[in-house]
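Asks: Input file: entry.tsv. Contents: TSV, C-alpha atoms (C1' of nucleotides).
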chain	number	residue	atom	x	y	z
A	1	MET	CA	121.93	128.30	160.67
A	2	SER	CA	123.40	130.15	163.60
A	3	ASN	CA	121.87	133.44	164.49
A	4	GLN	CA	118.50	134.75	163.60
A	5	GLY	CA	119.68	138.19	162.75
A	6	GLU	CA	118.08	141.51	163.37
A	7	GLY	CA	114.64	141.57	161.85
A	8	CYS	CA	114.84	137.90	161.35
A	9	CYS	CA	112.34	135.23	161.28
A	10	GLU	CA	110.45	133.84	164.16
A	11	PRO	CA	108.69	130.59	163.53
A	12	LEU	CA	104.98	131.02	163.15
A	13	SER	CA	104.34	128.71	166.01
A	14	GLU	CA	106.47	128.84	169.16
A	15	GLU	CA	105.30	132.35	169.90
A	16	PRO	CA	102.76	134.62	168.30
A	17	LEU	CA	103.94	137.07	165.70
A	18	ALA	CA	104.44	140.67	166.71
A	19	GLU	CA	102.43	143.26	164.85
A	20	GLN	CA	105.33	144.76	162.98
A	21	GLN	CA	106.74	141.44	161.91
A	22	ALA	CA	103.34	140.33	160.78
A	23	ALA	CA	103.08	143.43	158.64
A	24	GLU	CA	106.44	142.82	156.97
A	25	LEU	CA	105.74	139.18	156.30
A	26	ALA	CA	102.27	140.00	155.03
A	27	THR	CA	103.83	142.23	152.39
A	28	VAL	CA	105.71	139.27	150.95
A	29	PHE	CA	102.75	136.92	151.06
A	30	LYS	CA	100.60	139.60	149.50
A	31	ALA	CA	103.05	139.78	146.64
A	32	LEU	CA	102.68	136.04	146.23
A	33	GLY	CA	98.91	136.28	146.43
A	34	ASP	CA	98.24	137.06	142.80
A	35	PRO	CA	98.13	134.49	140.01
A	36	VAL	CA	100.02	136.67	137.58
A	37	ARG	CA	102.83	137.31	140.02
A	38	LEU	CA	103.03	133.64	140.96
A	39	ARG	CA	103.37	132.73	137.31
A	40	LEU	CA	105.98	135.43	136.82
A	41	LEU	CA	107.97	134.09	139.74
A	42	SER	CA	107.60	130.60	138.40
A	43	LEU	CA	108.75	131.65	134.95
A	44	ILE	CA	111.79	133.34	136.42
A	45	ALA	CA	112.61	130.43	138.71
A	46	SER	CA	112.23	127.82	136.02
A	47	ARG	CA	115.02	129.20	133.92
A	48	PRO	CA	118.25	127.22	134.05
A	49	SER	CA	120.19	130.45	133.68
A	50	GLY	CA	118.43	131.78	136.74
A	51	GLU	CA	117.31	134.89	134.97
A	52	VAL	CA	114.81	136.05	132.38
A	53	CYS	CA	114.51	139.12	130.23
A	54	VAL	CA	111.35	141.16	130.71
A	55	CYS	CA	110.99	140.98	126.97
A	56	GLU	CA	110.30	137.27	127.38
A	57	LEU	CA	107.98	137.63	130.33
A	58	THR	CA	105.65	140.20	128.86
A	59	PRO	CA	104.41	138.19	125.86
A	60	ALA	CA	103.67	135.22	128.12
A	61	PHE	CA	100.57	137.01	129.41
A	62	ASP	CA	97.44	138.53	127.96
A	63	LEU	CA	98.20	141.71	129.78
A	64	SER	CA	99.67	145.04	128.84
A	65	GLN	CA	103.33	145.70	129.29
A	66	PRO	CA	102.79	148.31	132.02
A	67	THR	CA	100.75	145.78	133.96
A	68	ILE	CA	103.53	143.20	133.87
A	69	SER	CA	106.00	145.87	134.83
A	70	HIS	CA	103.81	146.77	137.78
A	71	HIS	CA	103.65	143.18	138.99
A	72	LEU	CA	107.40	142.83	138.65
A	73	LYS	CA	107.80	145.93	140.73
A	74	LEU	CA	105.70	144.45	143.52
A	75	LEU	CA	107.75	141.26	143.44
A	76	ARG	CA	110.88	143.38	143.64
A	77	GLN	CA	109.58	145.47	146.52
A	78	ALA	CA	108.69	142.31	148.38
A	79	GLY	CA	112.28	141.16	148.03
A	80	LEU	CA	111.28	138.13	146.00
A	81	VAL	CA	113.21	139.08	142.88
A	82	ASP	CA	116.02	141.34	141.75
A	83	SER	CA	116.44	143.12	138.46
A	84	GLU	CA	119.45	144.19	136.52
A	85	ARG	CA	119.66	146.24	133.35
A	86	ARG	CA	122.17	145.09	130.78
A	87	GLY	CA	122.11	147.30	127.75
A	88	THR	CA	118.70	147.45	126.21
A	89	TRP	CA	117.16	144.71	128.31
A	90	VAL	CA	116.28	144.19	131.95
A	91	TYR	CA	116.76	140.80	133.54
A	92	TYR	CA	114.98	139.43	136.58
A	93	ARG	CA	116.16	136.70	138.93
A	94	VAL	CA	114.79	135.14	142.09
A	95	ARG	CA	116.17	136.04	145.49
A	96	PRO	CA	116.28	132.67	147.20
A	97	GLU	CA	116.92	134.12	150.65
A	98	THR	CA	113.39	135.44	150.62
A	99	THR	CA	111.62	132.37	149.28
A	100	ASP	CA	113.63	130.20	151.65
A	101	ARG	CA	112.73	132.40	154.57
A	102	MET	CA	109.05	132.22	153.78
A	103	ALA	CA	109.25	128.48	153.27
A	104	ALA	CA	110.89	128.04	156.65
A	105	LEU	CA	108.27	130.20	158.27
A	106	LEU	CA	105.48	128.10	156.87
A	107	SER	CA	107.25	124.89	157.80
A	108	SER	CA	107.48	126.07	161.37
A	109	VAL	CA	103.71	125.99	161.61
A	110	SER	CA	103.60	122.23	161.45
A	111	GLY	CA	107.01	121.90	163.07
A	112	GLU	CA	105.19	122.03	166.40
A	113	ARG	CA	106.90	123.11	169.52
A	114	ALA	CA	110.42	122.28	168.54
A	115	ALA	CA	110.46	124.26	165.35
A	116	ALA	CA	113.96	125.12	164.33
A	117	ARG	CA	114.76	128.76	164.44
A	118	VAL	CA	114.56	130.18	161.01
A	119	GLY	CA	117.67	132.12	160.23
B	1	MET	CA	109.14	109.79	138.89
B	2	SER	CA	105.60	108.74	139.43
B	3	ASN	CA	102.67	110.97	139.05
B	4	GLN	CA	102.23	114.40	140.42
B	5	GLY	CA	98.76	113.85	141.71
B	6	GLU	CA	95.56	115.46	140.67
B	7	GLY	CA	95.54	119.05	141.72
B	8	CYS	CA	98.88	118.51	143.26
B	9	CYS	CA	101.82	120.66	143.61
B	10	GLU	CA	104.27	121.51	140.96
B	11	PRO	CA	107.47	123.03	142.15
B	12	LEU	CA	107.64	126.67	141.33
B	13	SER	CA	110.74	126.13	139.34
B	14	GLU	CA	111.13	123.11	137.04
B	15	GLU	CA	108.24	124.23	134.89
B	16	PRO	CA	106.11	127.32	134.87
B	17	LEU	CA	102.86	127.24	136.76
B	18	ALA	CA	99.67	126.71	134.80
B	19	GLU	CA	97.06	129.42	135.03
B	20	GLN	CA	94.58	127.44	137.04
B	21	GLN	CA	97.13	126.20	139.51
B	22	ALA	CA	98.47	129.69	139.92
B	23	ALA	CA	94.98	130.88	140.74
B	24	GLU	CA	94.47	128.23	143.41
B	25	LEU	CA	97.82	128.83	145.02
B	26	ALA	CA	97.31	132.56	144.90
B	27	THR	CA	94.17	132.16	146.98
B	28	VAL	CA	96.17	130.62	149.79
B	29	PHE	CA	98.95	133.19	149.62
B	30	LYS	CA	96.38	135.95	149.52
B	31	ALA	CA	94.93	134.60	152.74
B	32	LEU	CA	98.40	134.78	154.24
B	33	GLY	CA	98.91	138.28	152.90
B	34	ASP	CA	97.26	140.17	155.70
B	35	PRO	CA	98.90	141.00	159.01
B	36	VAL	CA	95.81	140.21	161.03
B	37	ARG	CA	95.39	136.80	159.44
B	38	LEU	CA	99.07	136.02	159.86
B	39	ARG	CA	98.82	136.83	163.52
B	40	LEU	CA	95.67	134.76	163.83
B	41	LEU	CA	97.41	131.82	162.22
B	42	SER	CA	100.38	132.33	164.46
B	43	LEU	CA	98.20	132.46	167.56
B	44	ILE	CA	96.50	129.26	166.56
B	45	ALA	CA	99.74	127.51	165.68
B	46	SER	CA	101.51	128.55	168.85
B	47	ARG	CA	99.10	126.72	171.09
B	48	PRO	CA	100.44	123.49	172.55
B	49	SER	CA	96.94	122.03	172.37
B	50	GLY	CA	96.85	122.80	168.68
B	51	GLU	CA	93.62	124.66	168.92
B	52	VAL	CA	92.24	127.94	170.15
B	53	CYS	CA	88.79	129.16	171.02
B	54	VAL	CA	87.57	132.13	169.00
B	55	CYS	CA	86.73	133.70	172.32
B	56	GLU	CA	90.46	133.96	172.96
B	57	LEU	CA	91.35	135.19	169.50
B	58	THR	CA	88.90	138.04	169.30
B	59	PRO	CA	90.12	140.07	172.30
B	60	ALA	CA	93.72	139.77	171.07
B	61	PHE	CA	93.03	142.42	168.43
B	62	ASP	CA	91.77	145.98	168.32
B	63	LEU	CA	89.18	144.91	165.82
B	64	SER	CA	85.51	144.16	165.99
B	65	GLN	CA	84.29	140.63	166.49
B	66	PRO	CA	82.76	140.41	163.00
B	67	THR	CA	86.06	141.44	161.49
B	68	ILE	CA	87.94	138.66	163.25
B	69	SER	CA	85.23	136.25	162.24
B	70	HIS	CA	85.63	137.36	158.66
B	71	HIS	CA	89.39	136.85	158.68
B	72	LEU	CA	88.96	133.40	160.19
B	73	LYS	CA	86.56	132.58	157.42
B	74	LEU	CA	89.12	133.51	154.78
B	75	LEU	CA	91.75	131.36	156.50
B	76	ARG	CA	89.25	128.53	156.52
B	77	GLN	CA	88.35	128.97	152.87
B	78	ALA	CA	92.02	128.93	151.98
B	79	GLY	CA	92.37	125.58	153.69
B	80	LEU	CA	94.80	126.94	156.22
B	81	VAL	CA	92.67	126.25	159.28
B	82	ASP	CA	89.73	124.16	160.34
B	83	SER	CA	87.04	124.97	162.84
B	84	GLU	CA	84.92	122.86	165.10
B	85	ARG	CA	82.06	123.86	167.31
B	86	ARG	CA	81.95	122.28	170.72
B	87	GLY	CA	79.00	123.49	172.68
B	88	THR	CA	79.00	127.23	172.96
B	89	TRP	CA	82.48	127.75	171.60
B	90	VAL	CA	84.19	127.35	168.27
B	91	TYR	CA	87.75	126.11	168.12
B	92	TYR	CA	90.23	126.68	165.31
B	93	ARG	CA	93.26	124.59	164.44
B	94	VAL	CA	95.89	124.72	161.72
B	95	ARG	CA	95.76	122.36	158.75
B	96	PRO	CA	99.41	121.43	158.38
B	97	GLU	CA	98.91	119.80	154.98
B	98	THR	CA	98.30	123.23	153.57
B	99	THR	CA	101.12	125.09	155.26
B	100	ASP	CA	103.50	122.24	154.44
B	101	ARG	CA	102.44	122.30	150.82
B	102	MET	CA	103.04	126.00	150.52
B	103	ALA	CA	106.37	125.68	152.28
B	104	ALA	CA	107.46	122.98	149.86
B	105	LEU	CA	106.38	125.09	146.93
B	106	LEU	CA	108.47	128.01	148.10
B	107	SER	CA	111.42	125.77	148.83
B	108	SER	CA	111.33	124.49	145.29
B	109	VAL	CA	112.17	127.95	144.04
B	110	SER	CA	115.67	127.78	145.38
B	111	GLY	CA	115.80	124.01	145.00
B	112	GLU	CA	117.01	124.58	141.45
B	113	ARG	CA	116.55	122.09	138.72
B	114	ALA	CA	116.44	119.00	140.87
B	115	ALA	CA	113.64	120.15	143.09
B	116	ALA	CA	111.91	117.23	144.68
B	117	ARG	CA	108.38	116.73	143.59
B	118	VAL	CA	106.12	118.20	146.18
B	119	GLY	CA	103.37	115.83	147.22
C	1	DC	C1'	59.92	128.25	175.80
C	2	DG	C1'	62.75	132.57	176.69
C	3	DT	C1'	66.83	134.62	177.47
C	4	DC	C1'	71.71	135.15	177.34
C	5	DA	C1'	76.33	134.60	175.46
C	6	DA	C1'	79.36	133.28	171.51
C	7	DT	C1'	79.87	133.33	166.40
C	8	DA	C1'	78.49	134.17	161.94
C	9	DT	C1'	76.28	136.75	158.24
C	10	DT	C1'	74.66	140.99	156.02
C	11	DG	C1'	74.98	145.62	154.20
C	12	DA	C1'	77.47	149.64	153.62
C	13	DA	C1'	81.58	152.86	153.59
C	14	DA	C1'	86.50	153.78	152.98
C	15	DT	C1'	90.57	152.22	151.06
C	16	DA	C1'	93.55	149.27	148.25
C	17	DT	C1'	94.51	146.67	144.06
C	18	DG	C1'	94.67	145.37	139.13
C	19	DT	C1'	94.42	147.07	134.76
C	20	DC	C1'	94.87	150.08	130.83
C	21	DG	C1'	96.42	154.00	127.68
C	22	DA	C1'	99.41	157.85	127.52
C	23	DA	C1'	103.56	159.81	128.74
C	24	DT	C1'	108.33	159.24	130.16
C	25	DC	C1'	112.94	157.43	130.66
C	26	DA	C1'	117.18	154.53	128.81
C	27	DA	C1'	120.17	152.64	125.47
C	28	DG	C1'	121.53	151.83	120.64
C	29	DG	C1'	121.85	152.79	115.82
C	30	DC	C1'	121.29	156.03	112.05
D	1	DG	C1'	121.73	164.95	117.72
D	2	DC	C1'	117.30	162.26	116.52
D	3	DC	C1'	114.55	158.05	115.94
D	4	DT	C1'	113.37	153.30	117.50
D	5	DT	C1'	112.76	149.83	120.75
D	6	DG	C1'	112.39	148.14	125.60
D	7	DA	C1'	110.85	149.21	130.15
D	8	DT	C1'	109.03	152.09	133.89
D	9	DT	C1'	106.00	155.66	135.68
D	10	DC	C1'	101.62	158.35	135.74
D	11	DG	C1'	96.63	159.09	135.84
D	12	DA	C1'	92.34	157.12	135.75
D	13	DC	C1'	88.77	153.74	136.47
D	14	DA	C1'	86.60	149.31	137.82
D	15	DT	C1'	86.76	145.90	141.12
D	16	DA	C1'	88.15	143.77	145.47
D	17	DT	C1'	89.29	144.10	150.34
D	18	DT	C1'	88.98	145.63	155.02
D	19	DT	C1'	86.25	147.16	158.45
D	20	DC	C1'	82.22	148.31	161.20
D	21	DA	C1'	77.35	148.37	163.08
D	22	DA	C1'	73.26	145.86	162.89
D	23	DT	C1'	71.11	141.56	162.56
D	24	DA	C1'	70.77	136.58	162.58
D	25	DT	C1'	72.05	132.07	164.24
D	26	DT	C1'	73.44	128.56	167.46
D	27	DG	C1'	73.62	126.34	171.78
D	28	DA	C1'	73.27	126.39	176.99
D	29	DC	C1'	70.61	127.11	180.94
D	30	DG	C1'	66.78	128.57	183.75
Would you write the structure of this file as C-alpha cells?
Replies:
Amino acid sequence: MSNQGEGCCEPLSEEPLAEQQAAELATVFKALGDPVRLRLLSLIASRPSGEVCVCELTPAFDLSQPTISHHLKLLRQAGLVDSERRGTWVYYRVRPETTDRMAALLSSVSGERAAARVG
Amino acid sequence: MSNQGEGCCEPLSEEPLAEQQAAELATVFKALGDPVRLRLLSLIASRPSGEVCVCELTPAFDLSQPTISHHLKLLRQAGLVDSERRGTWVYYRVRPETTDRMAALLSSVSGERAAARVG
DNA sequence: CGTCAATATTGAAATATGTCGAATCAAGGC
DNA sequence: GCCTTGATTCGACATATTTCAATATTGACG
C-alpha cells in the first residue's frame, strides 16, 4: 500500500492511460500473450520450490531449445521472471511484484470509480 | 473443493496450464498486449457511464478510423468489451467478467500453493 | 428513395514475431 | 588445456500483426 512510486501503476479506470505507460504495460501483456510463454510461466509458478531448471522446462515442449530460451528471454525482459545460474544449470523463478501489479491493474477495471490505487 | 467449471480458470500456479487453456488465455493477453488497445480499454473503463461512443474513441488517437475499428474488434473478440449499436452510434463497454478472470489468474501466480480457485 | 454521417470490412504494404539450425558461450570433468 | 553438456545468441525464413486507403454497410433524415 502507501505510495504509488515513480513509474507506478495507475488503475485502468479512474483516468485514461498515458501513452508511455500504455506502452510499458503492453510489453508485459504481450509477453503473456503467447501460449508457450503462459505455460512456461505456469510451470515455473507451480513449483513448490519456486524455481525450475531450464533443463526441465525445455523437454516439456515440442519446440527446440533455442525457441524455449527465446521465450524465457521475453518473459525476463517483461519482468515476469528472473533467472539465476548455479553451476551448470540456470534456474527461473517468478517475480510476483510484476504479476501482482498486472493483476491489480486488471482488477481496477471492474473496481469502478473507487478503484484502489495500485502500488 | 467443488468443480472448476467447464472452460474455467485454473490458477497459474497449482498445476501447469493445459495447452488448450493456455491458447485461450493467450488470446486475451494478446489483445491486451498493444498500447492502443490498452488505452482504448482504459478510455472505456474510465467512463462513469460505463460506456463510450466510438465517435469519441476514434479522435483520441493519431490513427485512422479503420485502425481503431480493428482494435476494437480484437478487444471484442477477446471478450474484453461488448458493443451495442443505438441508432447512428455504436457504444462500447467493458466486460468485467473477463478482466476479473484475468486478474484472478495473475494473482494466483503469487498466491502460492493455496491459491483460491478462480471461478 | 437518396443522401449523409458513423462504423465496419476488405485488400495491400511494412514491420514484428515465432521458429529452427548453426554457431557461440559457460561450467565441469577428463 | 580439451571435450561434453547446458544454455544463449545469431541468421534466416514463414507467418502474423499493424496500419492505411478504398469500399461497403447501417441507420437517420429530408
Asks: Could you list, with a cut-off of 9 Å and counting all atoms listed in the file, the residues of chain D near chain B, each shown with its nearest atom pair and the distance in Å rounded to one decimal, rows sorted by chain and ascending number, as CSV?
Replies:
residue,atom,partner,partner_atom,distance
D:DT18,C1',B:Thr67,CA,8.2
D:DT19,C1',B:Thr67,CA,6.5
D:DC20,C1',B:Ser64,CA,7.1
D:DT26,C1',B:Thr88,CA,7.9
D:DG27,C1',B:Thr88,CA,5.6
D:DA28,C1',B:Thr88,CA,7.1
Asks: Restricting the calculation to all atoms listed in the file, which member of A:Asp82, A:Glu56, A:Glu24, A:Asp62 is positioned closest to chain B?
Replies: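 Of A:Asp82, A:Glu56, A:Glu24, A:Asp62, the one nearest chain B, counting all atoms listed in the file, is A:Glu24.
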Asks: Using only C-alpha atoms (C1' of nucleotides), determine which residues lie at most 8 Å from stretch 8-13 of chain C, disregarding the query and same-chain residues fewer than 3 positions distant; provide the list as an mmCIF file with C-alpha atoms (C1' of nucleotides), keeping the file's coordinate frame.
Replies:
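The resulting file, part_14.cif, is shown below:
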data_model
loop_
_atom_site.group_PDB
_atom_site.id
_atom_site.type_symbol
_atom_site.label_atom_id
_atom_site.label_comp_id
_atom_site.auth_asym_id
_atom_site.auth_seq_id
_atom_site.Cartn_x
_atom_site.Cartn_y
_atom_site.Cartn_z
ATOM 1 C CA PRO B 66 82.760 140.410 163.000
ATOM 2 C CA SER B 69 85.230 136.250 162.240
ATOM 3 C "C1'" DT D 23 71.110 141.560 162.560
ATOM 4 C "C1'" DA D 24 70.770 136.580 162.580
ATOM 5 C "C1'" DT D 25 72.050 132.070 164.240
#
Asks: What would chain B look like once superposed on chain A, with the fit done by least squares over all C-alpha atoms paired in order? Give it as a PDB file with C-alpha atoms, in the frame of the given file.
Replies:
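Written file, result.pdb:
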ATOM      1  CA  MET B   1     120.313 128.642 170.839  1.00  0.00           C
ATOM      2  CA  SER B   2     122.115 131.693 169.669  1.00  0.00           C
ATOM      3  CA  ASN B   3     120.456 134.786 168.490  1.00  0.00           C
ATOM      4  CA  GLN B   4     117.656 135.079 166.060  1.00  0.00           C
ATOM      5  CA  GLY B   5     119.170 137.867 164.074  1.00  0.00           C
ATOM      6  CA  GLU B   6     117.974 141.370 163.610  1.00  0.00           C
ATOM      7  CA  GLY B   7     114.859 141.388 161.539  1.00  0.00           C
ATOM      8  CA  CYS B   8     115.148 137.693 161.258  1.00  0.00           C
ATOM      9  CA  CYS B   9     112.654 135.020 161.110  1.00  0.00           C
ATOM     10  CA  GLU B  10     110.689 133.665 163.947  1.00  0.00           C
ATOM     11  CA  PRO B  11     108.963 130.412 163.305  1.00  0.00           C
ATOM     12  CA  LEU B  12     105.272 130.869 162.970  1.00  0.00           C
ATOM     13  CA  SER B  13     104.674 128.553 165.824  1.00  0.00           C
ATOM     14  CA  GLU B  14     106.850 128.650 168.957  1.00  0.00           C
ATOM     15  CA  GLU B  15     105.766 132.177 169.740  1.00  0.00           C
ATOM     16  CA  PRO B  16     103.239 134.482 168.196  1.00  0.00           C
ATOM     17  CA  LEU B  17     104.425 136.912 165.582  1.00  0.00           C
ATOM     18  CA  ALA B  18     105.008 140.501 166.619  1.00  0.00           C
ATOM     19  CA  GLU B  19     102.996 143.139 164.829  1.00  0.00           C
ATOM     20  CA  GLN B  20     105.866 144.624 162.914  1.00  0.00           C
ATOM     21  CA  GLN B  21     107.212 141.300 161.781  1.00  0.00           C
ATOM     22  CA  ALA B  22     103.767 140.240 160.709  1.00  0.00           C
ATOM     23  CA  ALA B  23     103.514 143.367 158.605  1.00  0.00           C
ATOM     24  CA  GLU B  24     106.822 142.720 156.858  1.00  0.00           C
ATOM     25  CA  LEU B  25     106.049 139.101 156.163  1.00  0.00           C
ATOM     26  CA  ALA B  26     102.585 139.976 154.971  1.00  0.00           C
ATOM     27  CA  THR B  27     104.103 142.210 152.316  1.00  0.00           C
ATOM     28  CA  VAL B  28     105.926 139.263 150.812  1.00  0.00           C
ATOM     29  CA  PHE B  29     102.927 136.951 150.959  1.00  0.00           C
ATOM     30  CA  LYS B  30     100.773 139.664 149.465  1.00  0.00           C
ATOM     31  CA  ALA B  31     103.173 139.845 146.550  1.00  0.00           C
ATOM     32  CA  LEU B  32     102.746 136.109 146.119  1.00  0.00           C
ATOM     33  CA  GLY B  33      98.986 136.403 146.395  1.00  0.00           C
ATOM     34  CA  ASP B  34      98.247 137.219 142.800  1.00  0.00           C
ATOM     35  CA  PRO B  35      98.028 134.674 140.006  1.00  0.00           C
ATOM     36  CA  VAL B  36      99.890 136.843 137.540  1.00  0.00           C
ATOM     37  CA  ARG B  37     102.775 137.432 139.919  1.00  0.00           C
ATOM     38  CA  LEU B  38     102.931 133.760 140.825  1.00  0.00           C
ATOM     39  CA  ARG B  39     103.179 132.876 137.183  1.00  0.00           C
ATOM     40  CA  LEU B  40     105.811 135.538 136.648  1.00  0.00           C
ATOM     41  CA  LEU B  41     107.840 134.147 139.513  1.00  0.00           C
ATOM     42  CA  SER B  42     107.390 130.671 138.167  1.00  0.00           C
ATOM     43  CA  LEU B  43     108.496 131.720 134.694  1.00  0.00           C
ATOM     44  CA  ILE B  44     111.579 133.339 136.110  1.00  0.00           C
ATOM     45  CA  ALA B  45     112.393 130.413 138.371  1.00  0.00           C
ATOM     46  CA  SER B  46     111.913 127.812 135.675  1.00  0.00           C
ATOM     47  CA  ARG B  47     114.689 129.170 133.525  1.00  0.00           C
ATOM     48  CA  PRO B  48     117.878 127.124 133.582  1.00  0.00           C
ATOM     49  CA  SER B  49     119.870 130.334 133.203  1.00  0.00           C
ATOM     50  CA  GLY B  50     118.184 131.699 136.287  1.00  0.00           C
ATOM     51  CA  GLU B  51     117.095 134.835 134.575  1.00  0.00           C
ATOM     52  CA  VAL B  52     114.577 136.044 132.051  1.00  0.00           C
ATOM     53  CA  CYS B  53     114.301 139.119 129.904  1.00  0.00           C
ATOM     54  CA  VAL B  54     111.188 141.211 130.470  1.00  0.00           C
ATOM     55  CA  CYS B  55     110.737 141.065 126.732  1.00  0.00           C
ATOM     56  CA  GLU B  56     109.959 137.374 127.131  1.00  0.00           C
ATOM     57  CA  LEU B  57     107.714 137.786 130.142  1.00  0.00           C
ATOM     58  CA  THR B  58     105.426 140.428 128.745  1.00  0.00           C
ATOM     59  CA  PRO B  59     104.068 138.494 125.740  1.00  0.00           C
ATOM     60  CA  ALA B  60     103.350 135.483 127.972  1.00  0.00           C
ATOM     61  CA  PHE B  61     100.276 137.248 129.351  1.00  0.00           C
ATOM     62  CA  ASP B  62      97.116 138.809 127.990  1.00  0.00           C
ATOM     63  CA  LEU B  63      97.955 141.959 129.854  1.00  0.00           C
ATOM     64  CA  SER B  64      99.400 145.282 128.889  1.00  0.00           C
ATOM     65  CA  GLN B  65     103.101 145.928 129.182  1.00  0.00           C
ATOM     66  CA  PRO B  66     102.675 148.487 131.983  1.00  0.00           C
ATOM     67  CA  THR B  67     100.681 145.977 133.971  1.00  0.00           C
ATOM     68  CA  ILE B  68     103.422 143.368 133.770  1.00  0.00           C
ATOM     69  CA  SER B  69     105.945 146.016 134.663  1.00  0.00           C
ATOM     70  CA  HIS B  70     103.875 146.917 137.681  1.00  0.00           C
ATOM     71  CA  HIS B  71     103.655 143.326 138.889  1.00  0.00           C
ATOM     72  CA  LEU B  72     107.398 142.907 138.465  1.00  0.00           C
ATOM     73  CA  LYS B  73     107.894 145.991 140.551  1.00  0.00           C
ATOM     74  CA  LEU B  74     105.836 144.536 143.385  1.00  0.00           C
ATOM     75  CA  LEU B  75     107.829 141.295 143.238  1.00  0.00           C
ATOM     76  CA  ARG B  76     110.982 143.369 143.386  1.00  0.00           C
ATOM     77  CA  GLN B  77     109.771 145.450 146.306  1.00  0.00           C
ATOM     78  CA  ALA B  78     108.884 142.287 148.169  1.00  0.00           C
ATOM     79  CA  GLY B  79     112.438 141.079 147.754  1.00  0.00           C
ATOM     80  CA  LEU B  80     111.363 138.097 145.728  1.00  0.00           C
ATOM     81  CA  VAL B  81     113.224 139.033 142.560  1.00  0.00           C
ATOM     82  CA  ASP B  82     116.034 141.250 141.410  1.00  0.00           C
ATOM     83  CA  SER B  83     116.434 143.039 138.127  1.00  0.00           C
ATOM     84  CA  GLU B  84     119.426 144.091 136.127  1.00  0.00           C
ATOM     85  CA  ARG B  85     119.601 146.153 133.000  1.00  0.00           C
ATOM     86  CA  ARG B  86     122.017 144.990 130.364  1.00  0.00           C
ATOM     87  CA  GLY B  87     121.945 147.239 127.372  1.00  0.00           C
ATOM     88  CA  THR B  88     118.480 147.505 125.960  1.00  0.00           C
ATOM     89  CA  TRP B  89     116.975 144.727 128.021  1.00  0.00           C
ATOM     90  CA  VAL B  90     116.152 144.170 131.653  1.00  0.00           C
ATOM     91  CA  TYR B  91     116.616 140.754 133.184  1.00  0.00           C
ATOM     92  CA  TYR B  92     114.869 139.396 136.262  1.00  0.00           C
ATOM     93  CA  ARG B  93     116.046 136.632 138.560  1.00  0.00           C
ATOM     94  CA  VAL B  94     114.710 135.061 141.735  1.00  0.00           C
ATOM     95  CA  ARG B  95     116.183 135.929 145.124  1.00  0.00           C
ATOM     96  CA  PRO B  96     116.279 132.529 146.784  1.00  0.00           C
ATOM     97  CA  GLU B  97     117.017 133.955 150.232  1.00  0.00           C
ATOM     98  CA  THR B  98     113.514 135.318 150.276  1.00  0.00           C
ATOM     99  CA  THR B  99     111.671 132.292 148.968  1.00  0.00           C
ATOM    100  CA  ASP B 100     113.703 130.050 151.271  1.00  0.00           C
ATOM    101  CA  ARG B 101     112.889 132.236 154.236  1.00  0.00           C
ATOM    102  CA  MET B 102     109.197 132.124 153.532  1.00  0.00           C
ATOM    103  CA  ALA B 103     109.338 128.387 152.980  1.00  0.00           C
ATOM    104  CA  ALA B 104     111.049 127.895 156.322  1.00  0.00           C
ATOM    105  CA  LEU B 105     108.482 130.071 158.020  1.00  0.00           C
ATOM    106  CA  LEU B 106     105.636 128.002 156.648  1.00  0.00           C
ATOM    107  CA  SER B 107     107.393 124.776 157.518  1.00  0.00           C
ATOM    108  CA  SER B 108     107.686 125.896 161.101  1.00  0.00           C
ATOM    109  CA  VAL B 109     103.924 125.846 161.402  1.00  0.00           C
ATOM    110  CA  SER B 110     103.781 122.101 161.233  1.00  0.00           C
ATOM    111  CA  GLY B 111     107.222 121.742 162.783  1.00  0.00           C
ATOM    112  CA  GLU B 112     105.518 121.820 166.171  1.00  0.00           C
ATOM    113  CA  ARG B 113     107.239 122.907 169.289  1.00  0.00           C
ATOM    114  CA  ALA B 114     110.751 122.012 168.264  1.00  0.00           C
ATOM    115  CA  ALA B 115     110.776 124.029 165.098  1.00  0.00           C
ATOM    116  CA  ALA B 116     114.283 124.856 164.068  1.00  0.00           C
ATOM    117  CA  ARG B 117     115.132 128.483 164.209  1.00  0.00           C
ATOM    118  CA  VAL B 118     114.851 129.902 160.761  1.00  0.00           C
ATOM    119  CA  GLY B 119     117.884 131.920 159.771  1.00  0.00           C
TER     120      GLY B 119
END
Asks: Give me the residues near B:Tyr91 as a PyMOL selection string, where near means some atom within 6 Å (using all atoms listed in the file) and where sequence neighbours in that chain fewer than 2 positions away do not count.
Replies: chain B and resi 52-53+83-84
Asks: Residues of chain A were defined as contacting chain B if any atom lay at most 6 Å from it, counting all atoms listed in the file; please report them as a ChimeraX atom specification.
Replies: /A:12-17,22-23,26,29-30,32-35,39,42-43,45-46,96,99-100,103,106-107,109-110
Asks: Would you mind exporting C-alpha atoms of the selected residues as a compact mmCIF listing (two decimals), in the frame of the given file?
Replies:
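Saved as out00.txt:
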# COMPACT_ATOMS: atom_id res chain seq x y z
CA LEU A 12 104.98 131.02 163.15
CA SER A 13 104.34 128.71 166.01
CA GLU A 14 106.47 128.84 169.16
CA GLU A 15 105.30 132.35 169.90
CA PRO A 16 102.76 134.62 168.30
CA LEU A 17 103.94 137.07 165.70
CA ALA A 22 103.34 140.33 160.78
CA ALA A 23 103.08 143.43 158.64
CA ALA A 26 102.27 140.00 155.03
CA PHE A 29 102.75 136.92 151.06
CA LYS A 30 100.60 139.60 149.50
CA LEU A 32 102.68 136.04 146.23
CA GLY A 33 98.91 136.28 146.43
CA ASP A 34 98.24 137.06 142.80
CA PRO A 35 98.13 134.49 140.01
CA ARG A 39 103.37 132.73 137.31
CA SER A 42 107.60 130.60 138.40
CA LEU A 43 108.75 131.65 134.95
CA ALA A 45 112.61 130.43 138.71
CA SER A 46 112.23 127.82 136.02
CA PRO A 96 116.28 132.67 147.20
CA THR A 99 111.62 132.37 149.28
CA ASP A 100 113.63 130.20 151.65
CA ALA A 103 109.25 128.48 153.27
CA LEU A 106 105.48 128.10 156.87
CA SER A 107 107.25 124.89 157.80
CA VAL A 109 103.71 125.99 161.61
CA SER A 110 103.60 122.23 161.45
Asks: At a cut-off of 9 Å, list the chain C residues touching chain A, using all atoms listed in the file, as a ChimeraX atom specification.
Replies: /C:18-20,26-28
Asks: Around the point (88.1, 148.8, 138.7), in the coordinates given by the file, pick out the residues reaching within 9 Å, counting all atoms listed in the file, and return them as an MDAnalysis selection string.
Replies: (chainID C and resid 17:19) or (chainID D and resid 13:16)
